[in-house]
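Novice: See run_17.cif below, with mmCIF, C-alpha atoms and all ligand atoms.
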```
data_target
loop_
_atom_site.label_atom_id
_atom_site.label_comp_id
_atom_site.auth_asym_id
_atom_site.auth_seq_id
_atom_site.Cartn_x
_atom_site.Cartn_y
_atom_site.Cartn_z
CA MET A 1378 200.10 81.02 103.82
CA TYR A 1379 199.00 80.18 107.35
CA GLU A 1380 201.23 82.92 108.80
CA ARG A 1381 198.30 85.24 109.41
CA TYR A 1382 196.57 82.52 111.44
CA SER A 1383 199.66 81.50 113.44
CA ARG A 1384 198.21 82.49 116.83
CA GLN A 1385 195.03 80.57 116.12
CA LEU A 1386 197.02 77.54 115.00
CA LEU A 1387 198.92 77.60 118.31
CA PHE A 1388 195.63 77.64 120.19
CA SER A 1389 194.84 74.02 121.10
CA GLY A 1390 191.10 74.41 120.52
CA ILE A 1391 191.63 75.22 116.83
CA GLY A 1392 195.04 74.14 115.48
CA GLU A 1393 195.63 73.13 111.87
CA ASN A 1394 192.57 70.91 111.73
CA GLY A 1395 190.35 73.66 113.01
CA GLN A 1396 191.83 76.17 110.60
CA ALA A 1397 191.18 73.87 107.65
CA LEU A 1398 187.59 73.41 108.84
CA LEU A 1399 187.10 77.17 109.11
CA GLN A 1400 188.24 77.64 105.55
CA ASN A 1401 185.55 75.30 104.31
CA LYS A 1402 182.70 76.87 106.21
CA HIS A 1403 180.04 79.35 105.15
CA VAL A 1404 178.46 81.74 107.64
CA LEU A 1405 175.41 83.93 107.07
CA VAL A 1406 175.47 87.17 109.06
CA VAL A 1407 172.01 88.72 109.22
CA GLY A 1408 172.36 92.44 109.88
CA ALA A 1409 175.38 94.72 109.53
CA GLY A 1410 174.85 97.07 112.44
CA ALA A 1411 176.79 96.96 115.69
CA LEU A 1412 176.67 93.19 116.25
CA GLY A 1413 176.91 92.41 112.53
CA THR A 1414 180.05 94.41 111.87
CA GLY A 1415 181.71 93.06 115.01
CA ASN A 1416 180.80 89.45 114.26
CA ALA A 1417 181.75 89.70 110.60
CA GLU A 1418 185.14 91.27 111.31
CA ILE A 1419 186.14 88.54 113.75
CA LEU A 1420 184.94 85.72 111.48
CA VAL A 1421 186.76 87.22 108.51
CA ARG A 1422 189.99 87.73 110.46
CA SER A 1423 189.69 84.14 111.71
CA GLY A 1424 189.64 82.85 108.14
CA VAL A 1425 186.11 81.52 107.71
CA GLY A 1426 185.98 80.66 103.99
CA ASN A 1427 182.67 82.25 103.01
CA ILE A 1428 180.69 85.02 104.60
CA THR A 1429 177.33 86.26 103.38
CA ILE A 1430 176.18 89.49 104.97
CA VAL A 1431 172.71 90.96 104.54
CA ASP A 1432 171.53 94.37 105.68
CA ARG A 1433 168.64 96.66 104.77
CA ASP A 1434 170.04 100.04 105.78
CA TYR A 1435 172.64 102.66 104.92
CA VAL A 1436 175.34 104.21 107.11
CA GLU A 1437 174.39 107.20 109.24
CA TRP A 1438 176.42 109.36 111.62
CA SER A 1439 174.78 107.83 114.68
CA ASN A 1440 176.22 104.44 113.66
CA LEU A 1441 179.87 105.43 113.87
CA GLN A 1442 180.06 105.28 117.68
CA ARG A 1443 179.77 101.46 117.66
CA GLN A 1444 179.59 99.99 114.15
CA GLN A 1445 183.21 99.18 113.64
CA LEU A 1446 183.50 98.72 109.89
CA TYR A 1447 182.25 102.19 108.90
CA THR A 1448 183.85 105.58 108.43
CA GLU A 1449 182.72 109.19 108.15
CA GLU A 1450 182.90 108.93 104.38
CA ASP A 1451 180.30 106.13 104.40
CA ALA A 1452 177.95 108.30 106.46
CA LYS A 1453 178.48 111.35 104.23
CA GLN A 1454 177.69 109.36 101.11
CA GLN A 1455 174.92 107.25 102.66
CA ILE A 1456 176.58 104.04 101.51
CA PRO A 1457 174.49 100.91 102.15
CA LYS A 1458 175.95 99.00 105.07
CA ALA A 1459 176.22 95.75 103.12
CA VAL A 1460 178.32 97.47 100.43
CA SER A 1461 180.65 99.27 102.81
CA ALA A 1462 181.03 96.21 105.05
CA LYS A 1463 181.98 94.00 102.10
CA GLU A 1464 184.65 96.43 100.94
CA ARG A 1465 186.21 96.75 104.37
CA LEU A 1466 186.04 92.99 105.07
CA GLU A 1467 187.75 92.18 101.78
CA ALA A 1468 190.50 94.66 102.61
CA ILE A 1469 190.99 92.91 105.97
CA ASN A 1470 191.27 89.40 104.55
CA SER A 1471 191.30 88.68 100.82
CA ASP A 1472 191.26 84.90 101.48
CA VAL A 1473 187.63 85.17 102.46
CA THR A 1474 184.82 85.29 99.93
CA VAL A 1475 182.40 87.95 101.09
CA GLU A 1476 178.98 88.18 99.52
CA ALA A 1477 176.83 91.18 100.41
CA HIS A 1478 173.13 91.85 99.85
CA ILE A 1479 171.13 95.02 100.41
CA ALA A 1480 167.86 93.54 101.55
CA ASP A 1481 165.34 93.33 104.33
CA ILE A 1482 165.00 89.60 104.77
CA THR A 1483 161.65 88.14 103.82
CA PRO A 1484 160.77 84.49 104.50
CA ALA A 1485 161.50 83.61 100.86
CA GLU A 1486 164.86 85.35 100.93
CA MET A 1487 165.72 83.70 104.23
CA GLU A 1488 165.11 80.27 102.72
CA HIS A 1489 167.29 81.24 99.78
CA PHE A 1490 170.17 82.61 101.88
CA ALA A 1491 170.08 79.62 104.23
CA GLN A 1492 171.04 77.17 101.47
CA GLY A 1493 174.48 75.65 101.99
CA VAL A 1494 175.17 77.68 105.11
CA ASP A 1495 176.86 76.09 108.16
CA LEU A 1496 175.91 78.72 110.73
CA ILE A 1497 173.73 81.83 111.03
CA MET A 1498 174.80 84.80 113.15
CA ASP A 1499 171.91 86.88 114.40
CA ALA A 1500 172.80 90.56 114.28
CA THR A 1501 169.36 91.94 113.54
CA ASP A 1502 167.55 94.56 115.57
CA ASN A 1503 164.10 93.00 115.66
CA PHE A 1504 162.28 89.82 116.62
CA GLU A 1505 160.31 89.47 113.39
CA ILE A 1506 163.47 88.61 111.48
CA ARG A 1507 164.78 86.53 114.39
CA MET A 1508 161.67 84.34 114.24
CA ILE A 1509 162.17 83.93 110.48
CA ILE A 1510 165.81 82.97 111.11
CA ASN A 1511 164.66 80.59 113.82
CA ASP A 1512 162.22 78.79 111.53
CA ALA A 1513 164.65 78.57 108.62
CA ALA A 1514 167.37 77.30 110.95
CA GLN A 1515 165.05 74.54 112.17
CA LYS A 1516 163.82 73.66 108.69
CA TYR A 1517 167.33 73.31 107.26
CA SER A 1518 168.98 72.18 110.51
CA ILE A 1519 171.45 75.04 110.80
CA PRO A 1520 172.78 76.23 114.17
CA TRP A 1521 172.30 79.92 114.90
CA ILE A 1522 173.43 82.32 117.58
CA TYR A 1523 171.03 84.85 119.06
CA GLY A 1524 172.60 88.09 120.25
CA SER A 1525 171.05 91.32 121.34
CA ILE A 1526 171.90 94.55 123.10
CA VAL A 1527 170.10 97.52 124.63
CA ALA A 1528 171.74 100.25 126.72
CA SER A 1529 174.44 98.45 128.77
CA TYR A 1530 172.63 95.09 128.69
CA GLY A 1531 173.51 92.15 126.46
CA ILE A 1532 172.10 88.67 125.93
CA SER A 1533 173.09 85.67 123.84
CA TYR A 1534 172.02 82.09 123.29
CA THR A 1535 173.23 79.38 120.94
CA ILE A 1536 170.49 77.40 119.23
CA VAL A 1537 171.34 73.98 117.85
CA PRO A 1538 168.44 72.28 116.04
CA GLY A 1539 167.62 68.87 117.45
CA THR A 1540 169.50 69.62 120.67
CA THR A 1541 168.54 72.88 122.35
CA PRO A 1542 165.22 74.67 122.70
CA CYS A 1543 164.62 77.12 119.86
CA LEU A 1544 163.82 80.83 120.18
CA HIS A 1545 160.13 80.07 119.76
CA CYS A 1546 160.27 77.70 122.78
CA LEU A 1547 161.85 80.47 124.84
CA ILE A 1548 159.68 83.45 123.95
CA GLU A 1549 156.44 82.04 122.47
CA GLY A 1550 155.85 84.86 120.00
CA ILE A 1551 157.08 88.25 118.97
CA PRO A 1552 157.53 90.66 121.86
CA ILE A 1553 155.88 94.01 121.30
CA GLY A 1554 156.49 97.39 122.84
CA GLY A 1555 159.63 99.18 123.93
CA LEU A 1556 161.82 96.12 124.15
CA THR A 1557 162.92 95.99 120.58
CA CYS A 1558 163.65 99.71 120.47
CA ASP A 1559 166.99 101.33 120.87
CA THR A 1560 165.43 104.28 122.62
CA GLY A 1561 167.55 103.49 125.69
CA GLY A 1562 170.68 103.99 123.61
CA VAL A 1563 173.55 101.55 123.60
CA ILE A 1564 177.22 101.68 124.51
CA SER A 1565 180.04 100.11 122.57
CA PRO A 1566 181.51 97.87 125.33
CA VAL A 1567 178.34 95.80 125.52
CA VAL A 1568 178.44 95.37 121.72
CA GLN A 1569 181.98 94.04 121.93
CA LEU A 1570 181.13 91.65 124.76
CA VAL A 1571 178.12 90.14 123.00
CA VAL A 1572 180.16 89.88 119.80
CA GLY A 1573 182.89 88.12 121.79
CA HIS A 1574 180.45 85.57 123.17
CA GLN A 1575 178.73 85.03 119.82
CA THR A 1576 181.97 84.54 117.89
CA ALA A 1577 183.50 82.27 120.53
CA GLU A 1578 180.48 80.00 120.13
CA ALA A 1579 180.74 80.36 116.35
CA LEU A 1580 184.38 79.24 116.31
CA LYS A 1581 183.46 76.20 118.42
CA ILE A 1582 180.67 75.24 116.02
CA LEU A 1583 182.70 75.88 112.87
CA THR A 1584 185.68 73.87 114.15
CA GLU A 1585 183.25 71.20 115.36
CA ASN A 1586 184.17 71.52 119.03
CA TRP A 1587 180.56 70.79 119.97
CA ALA A 1588 181.40 69.65 123.49
CA HIS A 1589 182.62 73.13 124.41
CA LEU A 1590 179.40 74.99 123.58
CA ARG A 1591 178.09 77.08 126.48
CA HIS A 1592 174.55 75.60 126.53
CA GLU A 1593 173.29 78.38 128.82
CA LEU A 1594 171.34 81.54 128.21
CA LEU A 1595 173.79 84.31 129.04
CA SER A 1596 172.86 87.85 130.00
CA PHE A 1597 174.71 90.69 131.65
CA ASP A 1598 174.73 94.39 132.34
CA VAL A 1599 178.18 95.95 132.12
CA TRP A 1600 177.03 99.09 133.91
CA THR A 1601 175.31 97.55 136.94
CA ASN A 1602 177.71 94.58 137.00
CA GLU A 1603 174.98 91.95 136.90
CA ARG A 1604 175.56 88.70 135.10
CA SER A 1605 173.61 85.50 134.86
CA THR A 1606 173.74 82.18 133.09
CA VAL A 1607 170.60 80.09 133.07
CA ASN A 1608 170.10 76.55 131.87
CA VAL A 1609 166.95 76.69 129.72
CA GLU A 1610 166.94 73.12 128.36
CA LYS A 1611 163.72 72.37 130.26
CA LEU A 1612 161.88 74.96 128.13
CA LYS A 1613 162.21 72.88 124.96
CA LYS A 1614 158.65 72.07 123.95
CA ALA A 1615 157.68 68.91 122.10
CA ASN A 1616 154.71 70.75 120.55
CA CYS A 1617 156.69 73.85 119.52
CA PRO A 1618 155.45 74.98 116.06
CA SER A 1619 159.04 75.71 115.04
CA CYS A 1620 161.11 72.85 116.49
CA GLY A 1621 158.58 70.33 117.83
CA THR A 1622 157.65 66.92 116.51
CA GLU A 1623 155.29 68.38 113.89
CA PRO A 1624 156.87 71.66 112.88
CA MET A 1625 154.85 74.20 110.88
CA TYR A 1626 157.55 76.91 110.58
CA PRO A 1627 154.85 79.60 110.98
CA PHE A 1628 157.20 82.52 110.39
CA LEU A 1629 158.19 81.28 106.93
CA ARG A 1630 154.59 81.54 105.74
CA GLN A 1631 153.87 85.23 105.38
CA ASN A 1632 154.69 87.59 102.54
CA GLN A 1633 152.86 90.83 101.88
CA MET A 1634 153.31 94.60 101.79
CA LYS A 1635 154.49 95.66 105.17
CA SER A 1636 155.09 98.84 107.07
CA GLU A 1637 157.30 98.81 110.10
CA VAL A 1638 158.11 101.56 112.57
CA LEU A 1639 161.86 101.63 113.20
CA CYS A 1640 161.96 102.34 116.89
CA GLY A 1641 163.95 105.25 118.16
CA ARG A 1642 164.67 106.45 114.66
CA ASP A 1643 161.60 108.45 113.77
CA THR A 1644 161.37 106.36 110.60
CA VAL A 1645 158.91 103.96 109.01
CA GLN A 1646 159.98 101.33 106.51
CA ILE A 1647 157.59 100.38 103.72
CA ARG A 1648 158.30 97.09 102.03
CA PRO A 1649 156.24 96.29 98.91
CA ALA A 1650 154.91 92.78 98.45
CA ALA A 1651 156.88 92.15 95.28
CA ASN A 1652 160.64 92.42 95.59
CA GLU A 1653 161.67 93.65 92.19
CA ASN A 1654 164.42 96.01 91.15
CA ARG A 1655 163.42 99.61 90.58
CA ASP A 1656 164.84 101.97 87.96
CA LEU A 1657 166.12 104.65 90.32
CA ASN A 1658 167.17 106.98 87.49
CA MET A 1659 163.71 107.09 86.04
CA ILE A 1660 162.07 107.56 89.44
CA GLY A 1661 164.62 110.24 90.32
CA GLU A 1662 163.90 112.18 87.18
CA ARG A 1663 160.19 112.16 87.87
CA LEU A 1664 160.60 113.14 91.54
CA SER A 1665 163.07 115.95 90.79
CA LYS A 1666 160.09 118.04 89.68
CA LEU A 1667 158.52 117.66 93.12
CA GLY A 1668 161.49 118.08 95.45
CA LYS A 1669 165.21 117.60 95.93
CA VAL A 1670 166.67 114.32 94.72
CA HIS A 1671 170.05 112.95 95.75
CA GLN A 1672 171.23 109.63 94.37
CA ASN A 1673 174.10 107.19 94.63
CA ALA A 1674 174.49 103.82 92.93
CA PHE A 1675 172.37 102.05 95.52
CA LEU A 1676 169.64 104.37 96.69
CA LEU A 1677 167.72 107.53 96.03
CA GLN A 1678 166.95 110.21 98.57
CA PHE A 1679 163.96 112.46 98.02
CA LYS A 1680 163.30 115.57 100.11
CA THR A 1681 160.27 117.81 100.16
CA ASP A 1682 159.75 120.73 102.53
CA HIS A 1683 158.25 118.39 105.10
CA ASN A 1684 159.61 114.91 104.49
CA ARG A 1685 162.66 112.91 103.64
CA MET A 1686 162.35 109.52 101.98
CA VAL A 1687 164.94 107.01 100.82
CA MET A 1688 164.21 104.37 98.19
CA PHE A 1689 166.43 101.33 97.71
CA LYS A 1690 166.75 99.45 94.43
CA ASP A 1691 164.77 96.53 95.85
CA GLY A 1692 161.77 98.85 96.21
CA ARG A 1693 161.86 99.45 99.95
CA VAL A 1694 161.30 103.01 101.12
CA LEU A 1695 162.36 104.54 104.42
CA VAL A 1696 160.07 107.41 105.34
CA HIS A 1697 161.99 109.61 107.79
CA GLY A 1698 160.49 112.13 110.18
CA THR A 1699 157.47 110.09 111.25
CA ASN A 1700 156.53 107.25 113.57
CA ASP A 1701 153.08 106.96 112.07
CA ALA A 1702 152.71 103.97 109.75
CA THR A 1703 149.52 105.33 108.16
CA GLU A 1704 151.09 108.68 107.35
CA ALA A 1705 154.16 106.90 105.98
CA LYS A 1706 152.04 104.67 103.75
CA SER A 1707 150.16 107.63 102.31
CA LEU A 1708 153.43 109.41 101.58
CA TYR A 1709 154.73 106.25 99.94
CA HIS A 1710 151.66 106.01 97.71
CA LYS A 1711 151.79 109.71 96.91
CA PHE A 1712 155.37 109.72 95.65
CA PHE A 1713 156.30 106.15 94.77
CA GLY A 1714 152.98 104.72 93.54
CA MET B 999 163.02 89.41 153.62
CA GLN B 1000 166.19 89.15 151.56
CA LEU B 1001 166.49 87.64 148.10
CA LEU B 1002 169.53 87.09 145.94
CA ILE B 1003 168.34 88.65 142.69
CA ASN B 1004 170.65 88.44 139.68
CA GLY B 1005 173.56 88.07 142.08
CA ASN B 1006 172.69 91.02 144.33
CA MET B 1007 171.34 90.54 147.86
CA THR B 1008 168.17 92.65 147.89
CA GLU B 1009 165.79 93.58 150.71
CA ILE B 1010 162.10 93.31 149.83
CA PRO B 1011 158.89 93.80 151.86
CA ASP B 1012 157.51 90.71 153.59
CA SER B 1013 154.18 91.24 151.84
CA ILE B 1014 155.75 89.77 148.70
CA LYS B 1015 154.82 86.11 148.44
CA THR B 1016 155.25 84.86 144.88
CA ILE B 1017 157.48 85.26 141.83
CA ALA B 1018 154.72 87.32 140.19
CA ASP B 1019 154.78 89.68 143.21
CA VAL B 1020 158.55 90.07 142.84
CA LYS B 1021 158.14 90.89 139.15
CA GLN B 1022 155.54 93.48 139.99
CA HIS B 1023 157.65 94.93 142.80
CA PHE B 1024 160.55 95.54 140.40
CA GLN B 1025 158.18 96.60 137.61
CA ILE B 1026 159.35 93.88 135.27
CA SER B 1027 156.63 94.16 132.65
CA ASN B 1028 158.62 92.59 129.83
CA PRO B 1029 156.40 89.75 128.56
CA VAL B 1030 159.50 87.81 127.58
CA VAL B 1031 161.32 87.30 130.79
CA ILE B 1032 162.70 83.94 131.83
CA VAL B 1033 162.80 83.25 135.55
CA GLU B 1034 165.07 80.85 137.37
CA HIS B 1035 164.21 80.17 141.02
CA ASN B 1036 166.80 78.42 143.20
CA GLY B 1037 168.36 76.92 140.09
CA GLU B 1038 165.05 75.71 138.60
CA ILE B 1039 163.71 77.29 135.45
CA LEU B 1040 160.02 78.19 135.77
CA GLU B 1041 157.22 77.75 133.28
CA LYS B 1042 155.53 81.09 132.57
CA ASP B 1043 152.15 80.10 134.04
CA SER B 1044 153.69 79.16 137.38
CA HIS B 1045 154.92 82.66 138.29
CA ALA B 1046 151.72 83.53 140.11
CA VAL B 1047 151.76 80.43 142.31
CA GLN B 1048 155.48 79.91 142.87
CA GLU B 1049 156.12 80.97 146.48
CA ILE B 1050 159.35 82.54 147.66
CA ALA B 1051 161.20 82.42 150.95
CA ASN B 1052 163.96 84.36 152.66
CA GLY B 1053 167.36 83.79 151.04
CA ASP B 1054 166.01 82.45 147.75
CA LYS B 1055 168.08 82.91 144.62
CA ILE B 1056 166.24 84.36 141.64
CA GLU B 1057 167.52 85.15 138.15
CA PHE B 1058 165.51 87.29 135.76
CA VAL B 1059 166.59 87.17 132.14
CA GLN B 1060 164.95 89.73 129.88
CA PHE B 1061 164.89 89.29 126.11
CA VAL B 1062 165.71 92.46 124.21
CA GLY B 1063 165.78 93.18 120.51
CA GLY B 1064 168.54 95.66 119.67
CA GLY B 1065 171.50 94.74 117.54
ZN ZN C 1801 161.01 75.42 119.68
#
```
So that I can check it, write out the structure of this file as structure tokens.
Specialist:
Amino acid sequence: MYERYSRQLLFSGIGENGQALLQNKHVLVVGAGALGTGNAEILVRSGVGNITIVDRDYVEWSNLQRQQLYTEEDAKQQIPKAVSAKERLEAINSDVTVEAHIADITPAEMEHFAQGVDLIMDATDNFEIRMIINDAAQKYSIPWIYGSIVASYGISYTIVPGTTPCLHCLIEGIPIGGLTCDTGGVISPVVQLVVGHQTAEALKILTENWAHLRHELLSFDVWTNERSTVNVEKLKKANCPSCGTEPMYPFLRQNQMKSEVLCGRDTVQIRPAANENRDLNMIGERLSKLGKVHQNAFLLQFKTDHNRMVMFKDGRVLVHGTNDATEAKSLYHKFFG
Amino acid sequence: MQLLINGNMTEIPDSIKTIADVKQHFQISNPVVIVEHNGEILEKDSHAVQEIANGDKIEFVQFVGGG
């Protein structure tokens, strides 16, 4: 039964002990875009026992260049990434239990998903969720691995509660402006490299090879051939609100209706305060009198002459064709209440 | 003056005196940038006073959000 892991068993850093440890571990992968699909595929092929993957979006054509679990069919049918990823991951390794959730992580959901998890892989595309991950990781003492990419640039850091500085120590708040956008594009090689660094650290943590962790903030540009590793231990702050001596976990404390401009996508996401399941059939029937409705089992697309909106079962709506949160909110209220 | 910036030897004008000047010279406006100067990580509020000299080694690490 270990045949499929034979090359990993021969590797001295893992071996039979390491393989048995992997099989008993549970990893939460937050995001199923470029980094999420890459991370999840390697962890699943490696034989990590349980993987939970959470993503808020559906597959689009522009994803196929770098998001390795998806196919043209997924894009045509607008399949939610979590659903498609789960199917593909289970086909790759049926030993692994894969749980998938279509959701935009709120603080409450983060606390829920963090229960019983050994490691969190960051594969999100924004710092708001990263700060929520960071707080939950500190509160429940779970290691997590920051990874991010823009253009040909990649960065990663492994955060171990009680040992390393946390993300809050390093960046002191949510960066605003162009940094979180993918307006500069992104190329696949940098995705693969960050995934490689994240999963190498993950395998060390999951097989309890703590001494081999990198401990340095790593960043590189594969186009300009720059690379740097920086020791950031000195930035750990005793009064950090997330990991200090009197932690407040500030990013776990907010929960309200939210609109968010998805950079570089000409889209605004509206997330209602209450996360409750919507009856898409009923909503679809009502909206079909006002425009074109297209539905699959997970989401509903509604098109008027001017706008395109997608509602997920959990109540979130993506308003496409605008970067204006106010306009998006008024469209949301007009059509979805 | 020459500085080793992110591994590349780079010529900069002598009018540049501090880490903050270097950031401005290269238009690094990212508010979340970590700076290492000759192997020492710098606190954010020291950028404006930290002086540089010919041959210094500087690493700029910029936090980005894509995934
Ligand atoms: Zn901290």
Novice: Would you mind listing what lies within 9 Å of His1697 in chain A as a list in words, with only C-alpha atoms counted and same-chain residues fewer than 4 positions away left out?
Specialist: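 That gives Arg1642, Asp1643, Thr1644, Val1645, Gln1646, Asn1684, Arg1685, Met1686, Val1687 and Ala1705 of chain A.
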Novice: Taking all atoms listed in the file into account, find every residue of chain A that has an atom no more than 10 Å from chain B, and write it out as number ranges by chain.
Specialist: A: 1408-1413, 1499-1505, 1507, 1523-1528, 1530-1533, 1547-1563, 1568, 1571, 1594-1597, 1602-1612, 1640
Novice: Can I get the selection written as a PDB file, keeping the file's coordinate frame, with C-alpha atoms?
Specialist:
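That gives us result13.pdb:
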```pdb
ATOM      1  CA  GLY A1408     172.360  92.440 109.880  1.00  0.00           C
ATOM      2  CA  ALA A1409     175.380  94.720 109.530  1.00  0.00           C
ATOM      3  CA  GLY A1410     174.850  97.070 112.440  1.00  0.00           C
ATOM      4  CA  ALA A1411     176.790  96.960 115.690  1.00  0.00           C
ATOM      5  CA  LEU A1412     176.670  93.190 116.250  1.00  0.00           C
ATOM      6  CA  GLY A1413     176.910  92.410 112.530  1.00  0.00           C
ATOM      7  CA  ASP A1499     171.910  86.880 114.400  1.00  0.00           C
ATOM      8  CA  ALA A1500     172.800  90.560 114.280  1.00  0.00           C
ATOM      9  CA  THR A1501     169.360  91.940 113.540  1.00  0.00           C
ATOM     10  CA  ASP A1502     167.550  94.560 115.570  1.00  0.00           C
ATOM     11  CA  ASN A1503     164.100  93.000 115.660  1.00  0.00           C
ATOM     12  CA  PHE A1504     162.280  89.820 116.620  1.00  0.00           C
ATOM     13  CA  GLU A1505     160.310  89.470 113.390  1.00  0.00           C
ATOM     14  CA  ARG A1507     164.780  86.530 114.390  1.00  0.00           C
ATOM     15  CA  TYR A1523     171.030  84.850 119.060  1.00  0.00           C
ATOM     16  CA  GLY A1524     172.600  88.090 120.250  1.00  0.00           C
ATOM     17  CA  SER A1525     171.050  91.320 121.340  1.00  0.00           C
ATOM     18  CA  ILE A1526     171.900  94.550 123.100  1.00  0.00           C
ATOM     19  CA  VAL A1527     170.100  97.520 124.630  1.00  0.00           C
ATOM     20  CA  ALA A1528     171.740 100.250 126.720  1.00  0.00           C
ATOM     21  CA  TYR A1530     172.630  95.090 128.690  1.00  0.00           C
ATOM     22  CA  GLY A1531     173.510  92.150 126.460  1.00  0.00           C
ATOM     23  CA  ILE A1532     172.100  88.670 125.930  1.00  0.00           C
ATOM     24  CA  SER A1533     173.090  85.670 123.840  1.00  0.00           C
ATOM     25  CA  LEU A1547     161.850  80.470 124.840  1.00  0.00           C
ATOM     26  CA  ILE A1548     159.680  83.450 123.950  1.00  0.00           C
ATOM     27  CA  GLU A1549     156.440  82.040 122.470  1.00  0.00           C
ATOM     28  CA  GLY A1550     155.850  84.860 120.000  1.00  0.00           C
ATOM     29  CA  ILE A1551     157.080  88.250 118.970  1.00  0.00           C
ATOM     30  CA  PRO A1552     157.530  90.660 121.860  1.00  0.00           C
ATOM     31  CA  ILE A1553     155.880  94.010 121.300  1.00  0.00           C
ATOM     32  CA  GLY A1554     156.490  97.390 122.840  1.00  0.00           C
ATOM     33  CA  GLY A1555     159.630  99.180 123.930  1.00  0.00           C
ATOM     34  CA  LEU A1556     161.820  96.120 124.150  1.00  0.00           C
ATOM     35  CA  THR A1557     162.920  95.990 120.580  1.00  0.00           C
ATOM     36  CA  CYS A1558     163.650  99.710 120.470  1.00  0.00           C
ATOM     37  CA  ASP A1559     166.990 101.330 120.870  1.00  0.00           C
ATOM     38  CA  THR A1560     165.430 104.280 122.620  1.00  0.00           C
ATOM     39  CA  GLY A1561     167.550 103.490 125.690  1.00  0.00           C
ATOM     40  CA  GLY A1562     170.680 103.990 123.610  1.00  0.00           C
ATOM     41  CA  VAL A1563     173.550 101.550 123.600  1.00  0.00           C
ATOM     42  CA  VAL A1568     178.440  95.370 121.720  1.00  0.00           C
ATOM     43  CA  VAL A1571     178.120  90.140 123.000  1.00  0.00           C
ATOM     44  CA  LEU A1594     171.340  81.540 128.210  1.00  0.00           C
ATOM     45  CA  LEU A1595     173.790  84.310 129.040  1.00  0.00           C
ATOM     46  CA  SER A1596     172.860  87.850 130.000  1.00  0.00           C
ATOM     47  CA  PHE A1597     174.710  90.690 131.650  1.00  0.00           C
ATOM     48  CA  ASN A1602     177.710  94.580 137.000  1.00  0.00           C
ATOM     49  CA  GLU A1603     174.980  91.950 136.900  1.00  0.00           C
ATOM     50  CA  ARG A1604     175.560  88.700 135.100  1.00  0.00           C
ATOM     51  CA  SER A1605     173.610  85.500 134.860  1.00  0.00           C
ATOM     52  CA  THR A1606     173.740  82.180 133.090  1.00  0.00           C
ATOM     53  CA  VAL A1607     170.600  80.090 133.070  1.00  0.00           C
ATOM     54  CA  ASN A1608     170.100  76.550 131.870  1.00  0.00           C
ATOM     55  CA  VAL A1609     166.950  76.690 129.720  1.00  0.00           C
ATOM     56  CA  GLU A1610     166.940  73.120 128.360  1.00  0.00           C
ATOM     57  CA  LYS A1611     163.720  72.370 130.260  1.00  0.00           C
ATOM     58  CA  LEU A1612     161.880  74.960 128.130  1.00  0.00           C
ATOM     59  CA  CYS A1640     161.960 102.340 116.890  1.00  0.00           C
TER      60      CYS A1640
END
```
Novice: Contacts between ligand ZN 1801 (chain C) and chain A, please, where a residue of chain A counts if it comes within 10 Å (with all atoms listed in the file); show its shortest atom pair and distance in Å to one decimal, rows by chain and ascending number, as JSON lines.
Specialist:
```
{"residue": "A:Asn1511", "atom": "CA", "partner": "C:ZN1801", "partner_atom": "ZN", "distance": 8.6}
{"residue": "A:Asp1512", "atom": "CA", "partner": "C:ZN1801", "partner_atom": "ZN", "distance": 8.9}
{"residue": "A:Gln1515", "atom": "CA", "partner": "C:ZN1801", "partner_atom": "ZN", "distance": 8.6}
{"residue": "A:Ile1536", "atom": "CA", "partner": "C:ZN1801", "partner_atom": "ZN", "distance": 9.7}
{"residue": "A:Pro1538", "atom": "CA", "partner": "C:ZN1801", "partner_atom": "ZN", "distance": 8.8}
{"residue": "A:Gly1539", "atom": "CA", "partner": "C:ZN1801", "partner_atom": "ZN", "distance": 9.6}
{"residue": "A:Thr1541", "atom": "CA", "partner": "C:ZN1801", "partner_atom": "ZN", "distance": 8.4}
{"residue": "A:Pro1542", "atom": "CA", "partner": "C:ZN1801", "partner_atom": "ZN", "distance": 5.2}
{"residue": "A:Cys1543", "atom": "CA", "partner": "C:ZN1801", "partner_atom": "ZN", "distance": 4.0}
{"residue": "A:Leu1544", "atom": "CA", "partner": "C:ZN1801", "partner_atom": "ZN", "distance": 6.1}
{"residue": "A:His1545", "atom": "CA", "partner": "C:ZN1801", "partner_atom": "ZN", "distance": 4.7}
{"residue": "A:Cys1546", "atom": "CA", "partner": "C:ZN1801", "partner_atom": "ZN", "distance": 3.9}
{"residue": "A:Leu1547", "atom": "CA", "partner": "C:ZN1801", "partner_atom": "ZN", "distance": 7.3}
{"residue": "A:Ile1548", "atom": "CA", "partner": "C:ZN1801", "partner_atom": "ZN", "distance": 9.2}
{"residue": "A:Glu1549", "atom": "CA", "partner": "C:ZN1801", "partner_atom": "ZN", "distance": 8.5}
{"residue": "A:Leu1612", "atom": "CA", "partner": "C:ZN1801", "partner_atom": "ZN", "distance": 8.5}
{"residue": "A:Lys1613", "atom": "CA", "partner": "C:ZN1801", "partner_atom": "ZN", "distance": 6.0}
{"residue": "A:Lys1614", "atom": "CA", "partner": "C:ZN1801", "partner_atom": "ZN", "distance": 5.9}
{"residue": "A:Ala1615", "atom": "CA", "partner": "C:ZN1801", "partner_atom": "ZN", "distance": 7.7}
{"residue": "A:Asn1616", "atom": "CA", "partner": "C:ZN1801", "partner_atom": "ZN", "distance": 7.9}
{"residue": "A:Cys1617", "atom": "CA", "partner": "C:ZN1801", "partner_atom": "ZN", "distance": 4.6}
{"residue": "A:Pro1618", "atom": "CA", "partner": "C:ZN1801", "partner_atom": "ZN", "distance": 6.6}
{"residue": "A:Ser1619", "atom": "CA", "partner": "C:ZN1801", "partner_atom": "ZN", "distance": 5.0}
{"residue": "A:Cys1620", "atom": "CA", "partner": "C:ZN1801", "partner_atom": "ZN", "distance": 4.1}
{"residue": "A:Gly1621", "atom": "CA", "partner": "C:ZN1801", "partner_atom": "ZN", "distance": 5.9}
{"residue": "A:Thr1622", "atom": "CA", "partner": "C:ZN1801", "partner_atom": "ZN", "distance": 9.7}
{"residue": "A:Pro1624", "atom": "CA", "partner": "C:ZN1801", "partner_atom": "ZN", "distance": 8.8}
{"residue": "A:Tyr1626", "atom": "CA", "partner": "C:ZN1801", "partner_atom": "ZN", "distance": 9.8}
```
